[in-house]
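Q: Below is input-v1.cif; it holds mmCIF, C-alpha atoms.
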```cif
data_protein
loop_
_atom_site.label_atom_id
_atom_site.label_comp_id
_atom_site.auth_asym_id
_atom_site.auth_seq_id
_atom_site.Cartn_x
_atom_site.Cartn_y
_atom_site.Cartn_z
CA MET Y 1 30.56 -10.18 4.36
CA LEU Y 2 30.69 -6.66 5.75
CA THR Y 3 33.59 -4.37 4.97
CA GLN Y 4 35.03 -2.09 7.62
CA ARG Y 5 33.29 0.83 5.91
CA GLU Y 6 29.95 -0.97 6.14
CA GLN Y 7 30.50 -1.87 9.77
CA THR Y 8 31.13 1.80 10.49
CA LEU Y 9 27.83 2.71 8.83
CA LEU Y 10 25.83 0.16 10.81
CA SER Y 11 27.42 1.29 14.06
CA THR Y 12 25.83 4.73 13.65
CA LEU Y 13 22.29 3.40 14.17
CA ASN Y 14 20.73 5.17 17.14
CA GLU Y 15 18.04 2.91 18.59
CA GLU Y 16 16.72 5.51 21.00
CA ARG Y 17 16.26 8.00 18.15
CA LEU Y 18 14.60 5.36 15.95
CA LEU Y 19 12.13 4.23 18.60
CA GLY Y 20 11.45 7.80 19.65
CA LEU Y 21 10.44 8.76 16.13
CA CYS Y 22 8.21 5.72 15.71
CA ARG Y 23 6.42 6.43 18.98
CA LYS Y 24 6.06 10.12 18.13
CA LEU Y 25 4.48 9.31 14.76
CA ILE Y 26 2.07 6.82 16.31
CA SER Y 27 0.99 9.50 18.77
CA ILE Y 28 -0.01 11.75 15.85
CA PRO Y 29 -3.40 10.59 14.45
CA THR Y 30 -3.13 10.21 10.66
CA VAL Y 31 -6.17 8.08 9.88
CA ASN Y 32 -7.02 8.14 6.18
CA LEU Y 33 -9.98 10.41 5.44
CA TYR Y 34 -11.74 7.50 3.70
CA SER Y 35 -11.17 4.99 6.50
CA GLY Y 36 -14.81 4.79 7.55
CA ASP Y 37 -14.14 6.40 10.95
CA LYS Y 38 -16.64 9.01 12.08
CA ALA Y 39 -14.02 11.77 12.38
CA PRO Y 40 -10.71 10.72 10.78
CA ALA Y 41 -7.82 13.11 11.31
CA GLY Y 42 -6.20 12.83 7.88
CA GLU Y 43 -2.47 12.75 7.28
CA LYS Y 44 -1.60 16.47 7.45
CA ALA Y 45 -0.13 16.64 10.96
CA GLY Y 46 2.13 13.64 10.38
CA LEU Y 47 3.28 14.85 6.98
CA ASP Y 48 4.04 18.32 8.33
CA TYR Y 49 6.02 16.80 11.21
CA MET Y 50 8.17 14.78 8.81
CA ALA Y 51 8.75 17.77 6.52
CA GLU Y 52 10.14 19.78 9.44
CA LEU Y 53 12.24 16.86 10.67
CA PHE Y 54 13.80 16.38 7.24
CA ARG Y 55 14.59 20.10 7.01
CA ASN Y 56 16.36 19.89 10.36
CA MET Y 57 18.36 16.95 8.97
CA GLY Y 58 19.60 19.17 6.14
CA ALA Y 59 17.41 17.88 3.33
CA GLN Y 60 15.98 19.86 0.46
CA VAL Y 61 12.26 19.40 1.14
CA SER Y 62 9.44 19.75 -1.35
CA ARG Y 63 5.75 18.83 -1.35
CA ILE Y 64 3.98 17.01 -4.19
CA PRO Y 65 0.17 17.12 -4.30
CA CYS Y 66 -1.80 13.96 -4.92
CA ASP Y 67 -2.46 14.15 -8.65
CA ASP Y 68 -5.26 12.11 -10.23
CA SER Y 69 -3.77 12.64 -13.69
CA ALA Y 70 -0.90 10.36 -12.71
CA PHE Y 71 -3.30 7.41 -12.90
CA ASP Y 72 -4.11 8.34 -16.49
CA LYS Y 73 -0.43 8.71 -17.35
CA TYR Y 74 0.32 5.16 -16.22
CA GLN Y 75 -3.04 3.68 -17.34
CA VAL Y 76 -4.25 2.70 -13.87
CA LEU Y 77 -7.94 2.59 -12.94
CA ALA Y 78 -8.61 4.31 -9.60
CA THR Y 79 -11.25 6.44 -7.95
CA LYS Y 80 -10.71 10.12 -8.67
CA GLY Y 81 -11.86 13.31 -7.00
CA ARG Y 82 -10.86 12.38 -3.45
CA ILE Y 83 -9.95 15.18 -1.04
CA SER Y 84 -6.42 16.43 -1.72
CA GLU Y 85 -6.10 19.38 0.67
CA GLY Y 86 -3.63 18.76 3.49
CA ARG Y 87 -2.37 15.54 1.93
CA ASP Y 88 0.66 16.74 -0.07
CA ASN Y 89 3.42 14.13 -0.08
CA VAL Y 90 6.75 14.99 1.55
CA VAL Y 91 9.89 14.60 -0.56
CA ALA Y 92 13.27 15.01 1.16
CA THR Y 93 16.42 14.98 -0.97
CA PHE Y 94 19.86 14.43 0.54
CA THR Y 95 22.90 15.01 -1.68
CA PHE Y 96 26.19 13.18 -1.16
CA GLY Y 97 29.44 14.23 -2.84
CA ASP Y 98 28.73 16.17 -6.01
CA GLY Y 99 25.38 14.41 -6.37
CA ASN Y 100 26.22 12.90 -9.76
CA GLY Y 101 26.09 9.30 -8.61
CA PRO Y 102 22.96 7.13 -8.52
CA THR Y 103 19.67 8.33 -7.05
CA ILE Y 104 18.16 6.00 -4.46
CA LEU Y 105 14.51 6.58 -3.57
CA MET Y 106 12.86 5.27 -0.40
CA ASP Y 107 9.09 5.39 0.01
CA ALA Y 108 6.82 4.79 3.03
CA HIS Y 109 3.27 5.89 3.76
CA MET Y 110 1.88 8.02 6.58
CA ASP Y 111 -1.84 7.22 6.43
CA THR Y 112 -3.40 4.49 8.58
CA VAL Y 113 -6.64 2.56 8.59
CA ALA Y 114 -9.51 3.22 10.99
CA VAL Y 115 -9.37 3.36 14.79
CA ASP Y 116 -13.03 3.64 15.83
CA HIS Y 117 -13.09 -0.07 16.63
CA TYR Y 118 -9.49 -0.34 17.83
CA ILE Y 119 -9.07 -2.32 21.05
CA GLY Y 120 -7.16 -0.13 23.50
CA GLU Y 121 -5.63 3.30 22.96
CA PRO Y 122 -4.60 3.59 19.30
CA PHE Y 123 -2.24 6.55 19.77
CA ALA Y 124 -0.57 5.68 23.08
CA ALA Y 125 2.58 4.32 21.40
CA GLU Y 126 3.35 2.14 24.42
CA LEU Y 127 6.80 0.51 24.47
CA LYS Y 128 6.64 -2.78 26.34
CA ASP Y 129 8.58 -6.05 26.23
CA GLY Y 130 10.40 -5.20 23.02
CA MET Y 131 7.29 -4.07 21.15
CA ILE Y 132 5.65 -0.76 20.28
CA TYR Y 133 1.85 -0.72 20.27
CA GLY Y 134 -0.54 1.59 18.41
CA ARG Y 135 -2.21 2.24 15.08
CA GLY Y 136 0.38 2.51 12.34
CA SER Y 137 3.16 0.85 14.33
CA SER Y 138 3.27 -2.03 11.88
CA ASP Y 139 1.68 -0.30 8.88
CA ASP Y 140 3.48 1.96 8.17
CA LYS Y 141 4.91 4.37 10.72
CA GLY Y 142 7.51 1.77 11.56
CA GLY Y 143 8.48 1.95 7.90
CA VAL Y 144 8.67 5.76 7.92
CA SER Y 145 10.82 5.62 11.04
CA ALA Y 146 13.20 2.97 9.67
CA MET Y 147 13.58 4.92 6.42
CA THR Y 148 14.40 8.10 8.35
CA GLU Y 149 16.93 6.33 10.57
CA ALA Y 150 18.61 4.88 7.47
CA ALA Y 151 18.99 8.44 6.17
CA GLN Y 152 20.40 9.53 9.54
CA MET Y 153 22.97 6.71 9.36
CA LEU Y 154 24.12 7.69 5.89
CA LEU Y 155 24.38 11.34 6.94
CA ALA Y 156 26.50 10.32 9.95
CA SER Y 157 28.85 8.31 7.73
CA PRO Y 158 29.02 10.11 4.36
CA GLU Y 159 32.63 9.31 3.45
CA GLY Y 160 33.01 8.08 -0.11
CA LEU Y 161 29.35 8.49 -1.01
CA ASN Y 162 28.22 10.16 -4.21
CA GLY Y 163 24.65 10.53 -5.41
CA LYS Y 164 21.26 11.33 -3.94
CA LEU Y 165 18.93 9.78 -1.41
CA VAL Y 166 15.27 10.75 -1.87
CA CYS Y 167 12.88 9.95 0.99
CA CYS Y 168 9.17 10.09 0.14
CA VAL Y 169 6.57 10.05 2.92
CA VAL Y 170 3.27 9.63 1.14
CA SER Y 171 -0.46 9.69 1.76
CA GLU Y 172 -3.33 7.73 0.23
CA GLU Y 173 -1.90 4.21 0.36
CA GLU Y 174 -4.73 2.86 2.50
CA CYS Y 175 -8.52 2.74 2.14
CA ASP Y 176 -8.77 2.47 -1.65
CA GLY Y 177 -6.27 5.30 -2.03
CA ALA Y 178 -4.65 3.13 -4.72
CA GLY Y 179 -1.17 4.44 -3.96
CA ARG Y 180 -2.16 7.94 -5.07
CA GLY Y 181 0.70 9.49 -3.12
CA SER Y 182 3.36 7.20 -4.55
CA ILE Y 183 2.17 7.37 -8.15
CA SER Y 184 2.11 11.18 -7.88
CA CYS Y 185 5.76 11.08 -6.81
CA VAL Y 186 6.58 8.70 -9.67
CA ALA Y 187 4.92 11.08 -12.13
CA HIS Y 188 6.49 14.32 -10.87
CA LEU Y 189 9.99 13.40 -9.67
CA PRO Y 190 13.05 12.70 -11.82
CA LYS Y 191 13.26 8.95 -12.39
CA PRO Y 192 15.46 7.38 -9.69
CA ASP Y 193 17.95 4.63 -10.45
CA TYR Y 194 16.65 2.38 -7.68
CA ALA Y 195 13.76 2.40 -5.22
CA MET Y 196 12.89 0.72 -1.95
CA VAL Y 197 9.28 0.74 -0.76
CA ILE Y 198 9.35 0.24 3.00
CA ASP Y 199 6.00 -1.30 3.84
CA GLY Y 200 4.89 -4.79 4.76
CA GLY Y 201 6.12 -7.63 6.93
CA TYR Y 202 9.62 -8.17 8.25
CA GLY Y 203 11.79 -11.10 7.13
CA GLN Y 204 11.17 -11.09 3.37
CA VAL Y 205 12.41 -9.32 0.27
CA THR Y 206 9.35 -8.32 -1.72
CA ASP Y 207 10.06 -8.49 -5.44
CA GLY Y 208 6.60 -7.64 -6.70
CA CYS Y 209 2.96 -7.97 -5.78
CA CYS Y 210 -0.35 -9.43 -6.79
CA GLY Y 211 -2.85 -7.16 -8.45
CA VAL Y 212 -6.29 -6.29 -7.14
CA VAL Y 213 -9.53 -5.11 -8.71
CA THR Y 214 -12.37 -3.72 -6.63
CA ALA Y 215 -16.02 -3.96 -7.63
CA ARG Y 216 -19.18 -2.44 -6.21
CA ILE Y 217 -22.53 -3.90 -7.20
CA ALA Y 218 -25.75 -1.93 -6.76
CA VAL Y 219 -28.71 -4.32 -6.65
CA PRO Y 220 -32.07 -2.50 -6.87
CA GLY Y 221 -35.37 -3.67 -5.44
CA ARG Y 222 -38.80 -2.09 -5.21
CA ALA Y 223 -39.56 -0.51 -1.85
CA GLY Y 224 -42.77 -1.08 0.04
CA HIS Y 225 -44.36 -1.90 3.39
CA ALA Y 226 -43.24 -5.25 4.75
CA ALA Y 227 -46.88 -6.34 5.27
CA ASN Y 228 -47.76 -5.84 1.62
CA GLY Y 229 -44.63 -7.14 -0.07
CA ALA Y 230 -42.55 -5.73 -2.88
CA ILE Y 231 -39.19 -6.72 -4.39
CA ASN Y 232 -36.64 -6.99 -1.62
CA ALA Y 233 -33.17 -5.77 -2.66
CA ILE Y 234 -31.50 -7.99 -0.03
CA GLU Y 235 -33.17 -11.10 -1.42
CA GLN Y 236 -32.25 -10.02 -4.94
CA ALA Y 237 -28.64 -9.63 -3.89
CA LEU Y 238 -28.59 -13.07 -2.27
CA LYS Y 239 -29.62 -14.59 -5.59
CA LEU Y 240 -26.19 -13.58 -6.88
CA VAL Y 241 -24.28 -15.73 -4.36
CA PRO Y 242 -23.94 -18.68 -6.78
CA ALA Y 243 -22.25 -16.29 -9.22
CA PHE Y 244 -19.58 -15.55 -6.66
CA GLU Y 245 -18.91 -19.25 -6.18
CA ASN Y 246 -18.82 -19.85 -9.94
CA PHE Y 247 -16.33 -17.02 -10.37
CA ARG Y 248 -14.09 -18.33 -7.60
CA ASN Y 249 -14.08 -21.79 -9.13
CA MET Y 250 -13.25 -20.47 -12.59
CA ARG Y 251 -10.32 -18.62 -11.01
CA GLY Y 252 -9.03 -21.79 -9.33
CA ASN Y 253 -10.60 -21.11 -5.90
CA LEU Y 254 -7.23 -20.14 -4.44
CA PRO Y 255 -6.84 -18.30 -1.11
CA GLY Y 256 -7.73 -14.64 -1.53
CA THR Y 257 -9.32 -15.16 -4.96
CA MET Y 258 -12.20 -12.89 -3.97
CA ASN Y 259 -13.05 -11.17 -0.71
CA PHE Y 260 -16.71 -10.24 -0.21
CA GLY Y 261 -16.04 -7.23 1.99
CA LEU Y 262 -19.21 -5.16 2.16
CA PHE Y 263 -22.99 -5.71 2.20
CA GLN Y 264 -25.21 -2.72 2.97
CA ALA Y 265 -29.01 -2.63 2.72
CA GLY Y 266 -32.18 -1.70 4.54
CA ASP Y 267 -33.13 0.73 7.28
CA HIS Y 268 -35.96 -0.93 9.27
CA PRO Y 269 -37.64 -4.36 9.64
CA ALA Y 270 -40.97 -2.85 8.56
CA ASN Y 271 -39.61 -1.62 5.22
CA VAL Y 272 -38.74 -3.56 2.09
CA PRO Y 273 -35.29 -2.24 1.07
CA ASN Y 274 -35.02 -0.83 -2.41
CA LEU Y 275 -31.22 -1.04 -2.74
CA ALA Y 276 -28.43 -3.39 -1.66
CA THR Y 277 -24.77 -2.52 -2.16
CA LEU Y 278 -22.06 -5.17 -2.30
CA ALA Y 279 -18.29 -4.70 -2.67
CA PHE Y 280 -15.46 -7.09 -3.47
CA ASN Y 281 -11.70 -7.24 -3.78
CA ILE Y 282 -10.52 -9.69 -6.42
CA LYS Y 283 -6.90 -10.82 -6.71
CA THR Y 284 -5.14 -10.78 -10.09
CA ASN Y 285 -1.78 -12.15 -11.18
CA LEU Y 286 0.97 -11.83 -13.76
CA LYS Y 287 -0.78 -14.20 -16.18
CA ASP Y 288 -3.81 -11.90 -16.09
CA MET Y 289 -1.54 -8.93 -16.84
CA ALA Y 290 0.05 -10.68 -19.82
CA ALA Y 291 -3.30 -11.77 -21.25
CA ALA Y 292 -4.79 -8.27 -20.97
CA LYS Y 293 -1.64 -6.75 -22.46
CA GLU Y 294 -1.89 -9.05 -25.45
CA LYS Y 295 -5.61 -8.40 -26.03
CA TYR Y 296 -6.01 -4.75 -25.01
CA GLY Y 297 -2.47 -3.35 -24.85
CA VAL Y 298 -2.53 -2.59 -21.10
CA ASP Y 299 -1.29 -4.86 -18.29
CA ASN Y 300 -4.29 -4.82 -15.97
CA GLY Y 301 -7.17 -6.94 -14.71
CA ARG Y 302 -9.61 -6.15 -17.49
CA LEU Y 303 -10.16 -9.78 -18.52
CA VAL Y 304 -10.81 -10.73 -14.88
CA ARG Y 305 -13.35 -7.94 -14.61
CA GLU Y 306 -15.08 -9.19 -17.73
CA LEU Y 307 -15.23 -12.73 -16.32
CA PHE Y 308 -16.78 -11.44 -13.10
CA GLU Y 309 -19.41 -9.50 -15.01
CA ARG Y 310 -20.29 -12.55 -17.11
CA SER Y 311 -20.69 -14.61 -13.93
CA ILE Y 312 -23.11 -12.07 -12.45
CA PHE Y 313 -25.22 -11.52 -15.53
CA ALA Y 314 -25.45 -15.23 -16.33
CA ILE Y 315 -27.76 -15.40 -13.30
CA VAL Y 316 -29.46 -12.04 -13.81
CA ASP Y 317 -30.39 -12.78 -17.41
CA LYS Y 318 -32.18 -16.01 -16.44
CA ASP Y 319 -34.29 -14.55 -13.61
CA SER Y 320 -37.35 -12.49 -14.56
CA SER Y 321 -37.37 -10.75 -11.14
CA PHE Y 322 -34.39 -8.69 -12.34
CA GLU Y 323 -36.33 -7.24 -15.29
CA GLY Y 324 -36.32 -3.48 -14.91
CA LEU Y 325 -34.15 -3.91 -11.80
CA ARG Y 326 -30.86 -4.87 -13.36
CA PRO Y 327 -27.80 -4.70 -11.06
CA THR Y 328 -25.00 -2.33 -12.02
CA ILE Y 329 -21.31 -3.06 -11.49
CA THR Y 330 -18.84 -0.24 -10.90
CA TRP Y 331 -15.11 -0.92 -10.97
CA THR Y 332 -13.46 1.41 -8.48
CA LYS Y 333 -9.85 0.33 -8.98
CA ASP Y 334 -7.63 -2.01 -10.96
CA MET Y 335 -4.11 -2.19 -9.54
CA PRO Y 336 -1.76 -4.27 -11.70
CA ALA Y 337 0.41 -7.18 -10.56
CA THR Y 338 4.17 -6.72 -10.98
CA LEU Y 339 7.47 -8.59 -10.63
CA ALA Y 340 10.81 -6.88 -9.94
CA SER Y 341 12.80 -10.00 -10.83
CA ALA Y 342 11.58 -9.66 -14.41
CA LEU Y 343 12.84 -6.06 -14.58
CA ASP Y 344 16.18 -6.19 -12.72
CA PRO Y 345 17.07 -9.56 -11.19
CA ALA Y 346 20.59 -8.36 -10.35
CA PHE Y 347 19.26 -5.59 -8.10
CA VAL Y 348 16.93 -8.01 -6.33
CA GLU Y 349 19.85 -10.34 -5.59
CA GLU Y 350 22.08 -7.46 -4.46
CA PHE Y 351 19.36 -6.33 -2.10
CA ARG Y 352 18.83 -9.85 -0.77
CA ALA Y 353 22.56 -10.03 0.00
CA ALA Y 354 22.43 -6.66 1.79
CA TYR Y 355 19.45 -7.91 3.82
CA GLU Y 356 21.40 -11.00 4.90
CA ASP Y 357 24.60 -9.09 5.66
CA ALA Y 358 22.75 -6.46 7.72
CA THR Y 359 20.66 -8.86 9.80
CA GLY Y 360 22.02 -12.39 9.54
CA ILE Y 361 18.68 -13.46 8.03
CA ASN Y 362 18.71 -15.18 4.65
CA PRO Y 363 15.31 -13.84 3.54
CA PRO Y 364 12.93 -15.47 1.09
CA VAL Y 365 12.35 -13.48 -2.08
CA ALA Y 366 8.70 -13.48 -3.10
CA PRO Y 367 5.92 -11.20 -4.33
CA MET Y 368 3.55 -9.64 -1.82
CA GLN Y 369 0.28 -11.57 -1.63
CA GLY Y 370 -1.65 -8.32 -1.70
CA TRP Y 371 -1.00 -5.15 -3.69
CA GLY Y 372 1.64 -2.55 -2.78
CA ASP Y 373 2.90 0.87 -3.83
CA LEU Y 374 6.06 -0.70 -5.28
CA ALA Y 375 3.93 -1.64 -8.32
CA HIS Y 376 3.78 2.00 -9.41
CA PHE Y 377 7.58 2.28 -9.42
CA LEU Y 378 8.04 -1.03 -11.23
CA ARG Y 379 5.54 -0.15 -13.96
CA ALA Y 380 7.45 3.11 -14.48
CA GLY Y 381 10.58 1.08 -15.15
CA VAL Y 382 12.34 1.71 -11.82
CA SER Y 383 14.32 -1.16 -10.31
CA THR Y 384 12.39 -1.59 -7.05
CA VAL Y 385 12.21 -3.91 -4.07
CA GLY Y 386 10.04 -3.92 -0.97
CA LEU Y 387 10.90 -4.51 2.65
CA GLY Y 388 9.02 -3.87 5.84
CA ALA Y 389 9.17 -3.61 9.62
CA GLY Y 390 5.68 -5.03 10.13
CA ALA Y 391 4.82 -7.78 12.58
CA GLY Y 392 1.95 -9.38 10.67
CA CYS Y 393 -0.81 -7.43 12.40
CA ALA Y 394 -1.48 -4.62 9.94
CA HIS Y 395 -5.10 -3.37 10.12
CA ALA Y 396 -5.71 -5.49 13.23
CA ALA Y 397 -7.87 -4.35 16.14
CA THR Y 398 -4.66 -4.17 18.16
CA GLU Y 399 -1.49 -3.31 16.24
CA PHE Y 400 2.19 -3.53 17.22
CA THR Y 401 5.65 -3.88 15.80
CA LYS Y 402 8.83 -5.32 17.24
CA VAL Y 403 11.84 -3.20 18.16
CA GLU Y 404 14.11 -5.73 16.45
CA ASN Y 405 12.11 -5.32 13.23
CA LEU Y 406 12.62 -1.56 13.25
CA VAL Y 407 16.32 -1.90 13.90
CA GLY Y 408 16.75 -4.57 11.24
CA THR Y 409 14.83 -2.63 8.62
CA ALA Y 410 16.86 0.54 9.18
CA ARG Y 411 20.10 -1.46 8.92
CA ILE Y 412 18.99 -3.14 5.69
CA ALA Y 413 17.89 0.08 4.00
CA ALA Y 414 21.05 1.94 5.01
CA LEU Y 415 23.41 -0.83 3.89
CA ALA Y 416 21.62 -1.38 0.56
CA ALA Y 417 21.74 2.36 -0.16
CA LEU Y 418 25.42 2.62 0.85
CA ARG Y 419 26.39 -0.12 -1.59
CA LYS Y 420 24.81 1.82 -4.45
CA LEU Y 421 26.09 5.25 -3.44
CA ILE Y 422 29.67 4.42 -2.52
CA ARG Y 423 32.29 5.29 -5.11
#
```
In structure tokens, write the structure found in this file.

A:
Amino acid sequence: MLTQREQTLLSTLNEERLLGLCRKLISIPTVNLYSGDKAPAGEKAGLDYMAELFRNMGAQVSRIPCDDSAFDKYQVLATKGRISEGRDNVVATFTFGDGNGPTILMDAHMDTVAVDHYIGEPFAAELKDGMIYGRGSSDDKGGVSAMTEAAQMLLASPEGLNGKLVCCVVSEEECDGAGRGSISCVAHLPKPDYAMVIDGGYGQVTDGCCGVVTARIAVPGRAGHAANGAINAIEQALKLVPAFENFRNMRGNLPGTMNFGLFQAGDHPANVPNLATLAFNIKTNLKDMAAAKEKYGVDNGRLVRELFERSIFAIVDKDSSFEGLRPTITWTKDMPATLASALDPAFVEEFRAAYEDATGINPPVAPMQGWGDLAHFLRAGVSTVGLGAGAGCAHAATEFTKVENLVGTARIAALAALRKLIR
């Protein structure tokens, strides 16, 4: 049930302003530098635009560089040494009253996946039939826009509020970025009382996420002319296929257990390739976290990684063709699974109620079936939930979001924040 004060807040939503910002952000290319595109733009232009917008809204704005040491601080395995220039995260702080009330942090990411194979114009930001089209519309410029509109609503109706709202627009969520932007903010900002990560699909309260580990396997061969024969790296790699099936079965063969996402080898039909590279994403869960914590002291996917390695080398060790040509496995990331309901069930329920009151939707509460930036906040002990404006087409060849999703997400975020800040 909405109070009169809450109704006043929700009435300040400006749909034209919200849609205008979303379309503007889509029109600014912010493709992650590691997307695989031939000439990705990077996030700088979008981040700079948001920094200036927040200043004009009256925020105290700072920039936090992506910091690889944050992964070490929180014992997370991730690729290090990625380009950091032009990717500093934007942090906008709005103070209400004397600022001594709770601090609410909202987080959404600016980077997008690739556009080289996008169908249509990825940056046109066309508004048609209640939908906005373009790369990032669903993941996650709709989220950035909804977060910003929620801040605008609170600024337009500040009566009785006390505390701080911190809006983080981050880079390096996509393309094996491992949430580098968000974990850098977690490491370098004062710990907030509550956090909302605005990313994902509309219609659900996200109270955690699955984990994911990523492996790359280099399978060597012995190069030569195709007419004379040699040891073909592609054929060597194909010998490992039964290991993948064995691993899936040992993990219960559930949807998403393991995605075989990359196979690269060879340069010409006349040549015997001397190297094949394979890459996989493997899903982990809370049971995996607990087991690794008990054995090794860290809640991660280490035991799953070990099982995968045993599956591979059970085949390699029995095949003499691999002698002197042993595959190598490199683990590029290990992002832990998390559950908000285990940390602060009361906050999850309060947020669910705000979601329902703001939209009329009684949302399911469930973990994300992939991995999300909210994991970094949860592992740092911050009461965190996730919500999103997405339309289920993130990373698709044609991407869109619904106007009603943007409006609903802004209303939810603003109302949930109000209920924590009001005194």

Q: Would you mind reading off the distance between CA of Asp98 in chain Y and CA of Met153 in chain Y, one decimal, in Å?

A: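 That distance, rounded to one decimal, is 18.9 Å.
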
Q: Check the smallest atom-to-atom distance from each of Y:Asp267, Y:Glu174, Y:Glu399, Y:Asp116 to Asn32 in chain Y using all atoms listed in the file, then report the winner.

A: Y:Glu174

Q: Measuring between all atoms listed in the file, which one of Y:Ala230, Y:Ala178, Y:Ala150, Y:Met1 shows the shortest distance to Gly360 in chain Y?

A: Y:Met1

Q: Looking at Y:Tyr133, Y:Phe96, Y:Phe244, Y:Trp371, which one is nearest to Thr398 in chain Y, with distances taken over only C-alpha atoms?

A: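 For Thr398 in chain Y, the nearest of the given residues is Y:Tyr133.
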
Q: List every protein, DNA or RNA residue with an atom no more than 12 Å from (-0.5, -10.2, 12.0) in the file's coordinates, counting all atoms listed in the file, and format the result as a PDB file with C-alpha atoms, in the coordinates of the input.

A:
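See part33.pdb below for the written result:
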```
ATOM      1  CA  SER Y 137       3.160   0.850  14.330  1.00  0.00           C
ATOM      2  CA  SER Y 138       3.270  -2.030  11.880  1.00  0.00           C
ATOM      3  CA  ASP Y 139       1.680  -0.300   8.880  1.00  0.00           C
ATOM      4  CA  GLY Y 200       4.890  -4.790   4.760  1.00  0.00           C
ATOM      5  CA  GLY Y 201       6.120  -7.630   6.930  1.00  0.00           C
ATOM      6  CA  TYR Y 202       9.620  -8.170   8.250  1.00  0.00           C
ATOM      7  CA  ALA Y 389       9.170  -3.610   9.620  1.00  0.00           C
ATOM      8  CA  GLY Y 390       5.680  -5.030  10.130  1.00  0.00           C
ATOM      9  CA  ALA Y 391       4.820  -7.780  12.580  1.00  0.00           C
ATOM     10  CA  GLY Y 392       1.950  -9.380  10.670  1.00  0.00           C
ATOM     11  CA  CYS Y 393      -0.810  -7.430  12.400  1.00  0.00           C
ATOM     12  CA  ALA Y 394      -1.480  -4.620   9.940  1.00  0.00           C
ATOM     13  CA  HIS Y 395      -5.100  -3.370  10.120  1.00  0.00           C
ATOM     14  CA  ALA Y 396      -5.710  -5.490  13.230  1.00  0.00           C
ATOM     15  CA  ALA Y 397      -7.870  -4.350  16.140  1.00  0.00           C
ATOM     16  CA  THR Y 398      -4.660  -4.170  18.160  1.00  0.00           C
ATOM     17  CA  GLU Y 399      -1.490  -3.310  16.240  1.00  0.00           C
ATOM     18  CA  PHE Y 400       2.190  -3.530  17.220  1.00  0.00           C
ATOM     19  CA  THR Y 401       5.650  -3.880  15.800  1.00  0.00           C
ATOM     20  CA  LYS Y 402       8.830  -5.320  17.240  1.00  0.00           C
TER      21      LYS Y 402
END
```

Q: May I have the residues within 9 Å of Met258 in chain Y as a CSV table (one decimal) with C-alpha atoms, in the frame of the given file, using all atoms listed in the file and disregarding those fewer than 3 positions away in the same chain?

A:
```csv
chain,number,residue,atom,x,y,z
Y,244,PHE,CA,-19.6,-15.6,-6.7
Y,247,PHE,CA,-16.3,-17.0,-10.4
Y,248,ARG,CA,-14.1,-18.3,-7.6
Y,253,ASN,CA,-10.6,-21.1,-5.9
Y,254,LEU,CA,-7.2,-20.1,-4.4
Y,255,PRO,CA,-6.8,-18.3,-1.1
Y,280,PHE,CA,-15.5,-7.1,-3.5
Y,281,ASN,CA,-11.7,-7.2,-3.8
Y,282,ILE,CA,-10.5,-9.7,-6.4
Y,283,LYS,CA,-6.9,-10.8,-6.7
```

Q: Could you list the residues chosen by the PyMOL selection byres ((chain Y and resi 10) around 9) in this structure as a PyMOL selection string?

A: chain Y and resi 5-9+11-13+153+358+411+414-415

Q: Could the residues in this selection be written to a file with C-alpha atoms, as a compact mmCIF listing (two decimals), in the coordinates of the input?

A:
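Result file is selection-v8.txt:
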```
# COMPACT_ATOMS: atom_id res chain seq x y z
CA ARG Y 5 33.29 0.83 5.91
CA GLU Y 6 29.95 -0.97 6.14
CA GLN Y 7 30.50 -1.87 9.77
CA THR Y 8 31.13 1.80 10.49
CA LEU Y 9 27.83 2.71 8.83
CA SER Y 11 27.42 1.29 14.06
CA THR Y 12 25.83 4.73 13.65
CA LEU Y 13 22.29 3.40 14.17
CA MET Y 153 22.97 6.71 9.36
CA ALA Y 358 22.75 -6.46 7.72
CA ARG Y 411 20.10 -1.46 8.92
CA ALA Y 414 21.05 1.94 5.01
CA LEU Y 415 23.41 -0.83 3.89
```

Q: Out of Y:Pro327, Y:Gly224, Y:Pro190, Y:Gly97, which residue has the shortest atom-to-atom distance to Gly163 in chain Y when counting only C-alpha atoms?

A: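 Once distances to Gly163 in chain Y are computed over only C-alpha atoms, the minimum belongs to Y:Gly97.
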
Q: Using all atoms listed in the file, which residue out of Y:Gly160, Y:Gly179, Y:Gly142, Y:Gly101 lies closest to Asp67 in chain Y?

A: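 Checking each of Y:Gly160, Y:Gly179, Y:Gly142, Y:Gly101 against Asp67 in chain Y, counting all atoms listed in the file, the winner is Y:Gly179.
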
Q: Got a sec to resolve the PyMOL selection byres ((chain Y and resi 31) around 8) on this structure and send the residues as a PyMOL selection string?

A: chain Y and resi 29-30+32-33+35+40-43+111-115

Q: Given only C-alpha atoms as the basis, pick out the residue of Y:Leu307, Y:Ala279, Y:Ala215, Y:Val272 nearest to Asn246 in chain Y.

A: Y:Leu307

Q: I'd like the interatomic distance between CA of Cys167 in chain Y and CA of Met106 in chain Y, to a tenth of an Å.

A: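 Distance reported for this atom pair: 4.9 Å.
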
Q: Hey, what's within 10 Å of Gly203 in chain Y if we count only C-alpha atoms and toss same-chain stuff fewer than 4 positions away? As a list in words, please?

A: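 Listed by chain and then number, they are Tyr355, Glu356, Thr359, Ile361, Asn362, Pro363, Pro364, Val365, Leu387, Gly388, Ala389, Gly390, Ala391, Asn405, Gly408 and Thr409 of chain Y.
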
Q: What does the distance from CA of Met368 in chain Y to CA of Asp207 in chain Y come to in Å, to one decimal?

A: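 Between these atoms lies a distance of 7.5 Å.
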